[in-house]
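Written out below as structure tokens is the structure these notes cover.
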Amino acid sequence: MLDIKRIRENLDDIKKAMDRRGEKEFDLDAVIALDDERRELLKEVEVMKGEMNIESKKIPQLIKEGKDVTADKARLKELSDKIKVEDEKVKKVQEELRYRLLRIPNVPNEKVPQGETDADNIEERKWGEPRKFDFDFKAHWDIGTDLGILDFERAAKITGSRFTLYKDKGARLERSLYNFFLDTNTGVNGYTEFIPPFMANANSFLGTGQLPKFEEDMFKVDNGYYLIPTAEVPLTNIHANEILPYDALPLNYTAYTPCFRSEAGSAGRDTRGLVRQHQFNKVEMVKICTPEESYNELEKLTANAEYLLQQLGLPYRVVRICTGDLGFTAAFKYDLEVWMPSYNRYVEISSCSNCEDFQARRAGIRFKRSKDSKAEYCHTLNGSGLAVGRALAAILENYQQEDGSVVVPEVLRPYMGVDVITKK
């Protein structure tokens, strides 16, 4: 979350930045007023505690001198009761201040373009050329159904809509993709691999910014845990409430997990196929680094995600996300969008975000430059490397053949054991 000191010292600039976002759900002046009230209450409490400390030290001496201390003890009791009342006021004000701070989004970097929707995002670069078909191409859901490798109807019978049953070469292709992503992230790009829990507690979700604002987008388990919407949540929280040594940074972590999202508010959007599912597989990349290196690390993170798409031979573009499409926790974000013939457009397959110190403040992730230096907040970054189901959909569509078969990208053939997926 934002540092209250930063808000106080840069109130006008932060108001302008939030106006750029188009955010109207919070009142920065009310936040400052609460902080003022908190400060005044703390001063009053400190004065009373100081007085109580002085008076309490007098009583043993008065008793020693044989004097009556009944009135003095009554005064101390009165002070103690007042302090308890004021402490409770401080607690309530601090809770209200925290409630408001947790709902304020990150401040967009000055290089984030102004805009309201994804139509206002700025294209940075493209890689590869969309394929020109000399036959009537199909959408991935039809290709997968015809080949017998994707079964949407039986998945709906088992669970409901927006779930998929992968079968035979479909299951193998999905598994090949996330193994390829992990092998590349660890073997080529130097990430450390984890298998984290697929559920996390509320504190972890507070740390990465999904709670409290986006609770409706998540699946909650009866015992209070939540199914993770991305491995960003457990990977970032590995170092929650820790102070890291300077020479350990940057940390580069990667993990494959299933991801679970309710997709609240997305009715009617990309309802067919693999693009918008309640459960999907994803390989995530997370970086924890020093503030001065975070934008260099963002470029590396984005390049790592791009490399995966290049190895798969999938045309894509990189866009710089505008203020209206930025997301709650990001200060700056790139999206990688893969070409999908059935949509006749590029579709997001990875978001690479620099959250600066926003998540680190919420999660308590700090570092020290030396043993005797003051602890500072880290910067955290995250990016998909990559969304597996969307990568599979893009392969089916971009590598489809006129006879209904699908050519397997060369880098996946050692994993798949076949060069072409054909109908059994």
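Following the order of the structure tokens, chains are lettered A, B, ..., residues in each are numbered from 1, and ligands are numbered from 1.
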From the DSSP assignment of the backbone, select every residue of region 192-259 of chain A that is strand (DSSP E or B), and format the answer as an MDAnalysis selection string. chainID A and resid 192:194 199:200 220 226:227 242:245 251:259
What are the closest atom pairs, with distances in Å to one decimal, for all residues of region 14-111 of chain A lying within 8 Å of region 315-327 of chain A? Consider only C-alpha atoms, order rows by chain and residue number, and present the result as CSV.
residue,atom,partner,partner_atom,distance
A:Arg20,CA,A:Thr323,CA,6.3
A:Arg21,CA,A:Thr323,CA,4.9
A:Gly22,CA,A:Gly324,CA,6.7
A:Pro108,CA,A:Thr323,CA,6.9
Based on the selection just made, write N, CA and C atoms of those residues as a short mmCIF file (atom, residue, chain, number, x, y, z; two decimals), in the first residue's frame.
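Result file result-v9.cif:
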data_model
loop_
_atom_site.label_atom_id
_atom_site.label_comp_id
_atom_site.auth_asym_id
_atom_site.auth_seq_id
_atom_site.Cartn_x
_atom_site.Cartn_y
_atom_site.Cartn_z
N ARG A 20 -5.36 10.60 -13.00
CA ARG A 20 -4.95 9.95 -14.24
C ARG A 20 -5.53 8.54 -14.33
N ARG A 21 -5.58 7.86 -13.21
CA ARG A 21 -6.16 6.51 -13.16
C ARG A 21 -7.68 6.53 -13.34
N GLY A 22 -8.29 7.67 -13.04
CA GLY A 22 -9.74 7.74 -13.06
C GLY A 22 -10.37 7.15 -11.81
N PRO A 108 0.57 5.40 -10.52
CA PRO A 108 1.16 5.05 -11.82
C PRO A 108 2.45 5.81 -12.08
#
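Once region 146-150 of chain A and its same-chain neighbours fewer than 2 positions away are set aside, His140, Trp141, Asp142, Ile143, Gly144, Phe152, Glu153, Arg154, Ala155, Thr164, Leu165, Tyr166, Lys167, Asp168, Lys169, Gly170, Ala171, Arg172, Leu173, Gly273, Leu274, Gly404, Ser405, Val406, Ile421, Thr422, Lys423 and Lys424 of chain A remain within 10 Å of it when counting only C-alpha atoms.
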Could you tell me how far CA of Ser80 (chain A) lies from CA of Ala33 (chain A), in Å and to one decimal?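 About the pair CA of Ser80 (chain A) and CA of Ala33 (chain A): they are 27.1 Å apart.
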Apply DSSP to the structure's backbone, then extract all residues of region 179-366 of chain A labelled alpha helix (DSSP H) and return them as a count of residues only. 46
With the cut-off set at 12 Å and counting only C-alpha atoms, tabulate each residue of region 204-280 of chain A with an atom at most that distance from an atom of region 298-305 of chain A, showing the nearest atom pair and its distance in Å to one decimal, ordered by chain and increasing number, as a tab-separated table.
residue	atom	partner	partner_atom	distance
A:Pro250	CA	A:Leu298	CA	11.6
A:Leu251	CA	A:Leu301	CA	11.9
A:Asn252	CA	A:Leu301	CA	9.4
A:Tyr253	CA	A:Leu301	CA	11.0
A:Thr254	CA	A:Leu301	CA	11.2
From the set A:Ala30, A:Ala231, A:Leu314, A:Ala331, which residue has the shortest atom-to-atom contact distance to Tyr346 (chain A), counting only C-alpha atoms? A:Leu314
Among the residues A:Lys84, A:Ser353, A:Leu101, A:Pro291, the one that comes closest to Lys5 (chain A) [using only C-alpha atoms]: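 Of A:Lys84, A:Ser353, A:Leu101, A:Pro291, the one nearest Lys5 (chain A) is A:Leu101, counting only C-alpha atoms.
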Might you pull out every residue within 10 Å of region 56-58 of chain A, with only C-alpha atoms counted and same-chain residues fewer than 6 positions away left off, and present them as a PDB file with C-alpha atoms, in the first residue's frame?
ATOM      1  CA  GLY A  50       4.554  10.334  30.778  1.00  0.00           C
ATOM      2  CA  VAL A  69      -1.077   7.904  49.060  1.00  0.00           C
ATOM      3  CA  ASP A  72      -2.229   9.630  44.476  1.00  0.00           C
ATOM      4  CA  LYS A  73      -3.348   6.080  43.721  1.00  0.00           C
ATOM      5  CA  ARG A  75      -5.156   9.823  40.405  1.00  0.00           C
ATOM      6  CA  LEU A  76      -3.098   7.023  38.839  1.00  0.00           C
TER       7      LEU A  76
END
Just want the 12 Å neighbourhood of Phe219 (chain A), counted on only C-alpha atoms, with same-chain residues fewer than 4 positions away dropped. Output as a ChimeraX atom specification. /A:198-202,210,214-215,223-229,259-264,278-279
Using only C-alpha atoms, which residue out of A:Glu129, A:Glu95, A:Glu292, A:Asp36 lies closest to Trp339 (chain A)?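 Result for the nearest residue to Trp339 (chain A): A:Glu129.
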Long-range neighbours of Glu40 (chain A) as a list in words, 12 Å cut-off, only C-alpha atoms, 6 positions minimum in chain: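 Once the nearby chain positions are removed, what remains is Ala33, Leu34, Glu46, Val47, Glu86, Asp87, Lys89, Val90 and Val93 of chain A.
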Would you mind exporting the chosen residues as a PDB file, in the first residue's frame, restricted to C-alpha atoms?
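Writing done, so here's selection19.pdb:
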ATOM      1  CA  ALA A  33      -7.591  13.831   8.303  1.00  0.00           C
ATOM      2  CA  LEU A  34      -7.540  10.377   9.905  1.00  0.00           C
ATOM      3  CA  GLU A  46       2.076   9.953  25.343  1.00  0.00           C
ATOM      4  CA  VAL A  47       1.571  12.988  27.624  1.00  0.00           C
ATOM      5  CA  GLU A  86      -7.601   6.946  24.422  1.00  0.00           C
ATOM      6  CA  ASP A  87      -5.744   3.777  23.370  1.00  0.00           C
ATOM      7  CA  LYS A  89      -9.666   5.553  20.179  1.00  0.00           C
ATOM      8  CA  VAL A  90      -6.198   5.272  18.628  1.00  0.00           C
ATOM      9  CA  VAL A  93      -8.619   5.400  14.066  1.00  0.00           C
TER      10      VAL A  93
END
The residue from A:Glu124, A:Asp151, A:Asp29, A:Asp134 with the smallest atom-to-atom distance to Gln400 (chain A), counting only C-alpha atoms, is A:Asp134
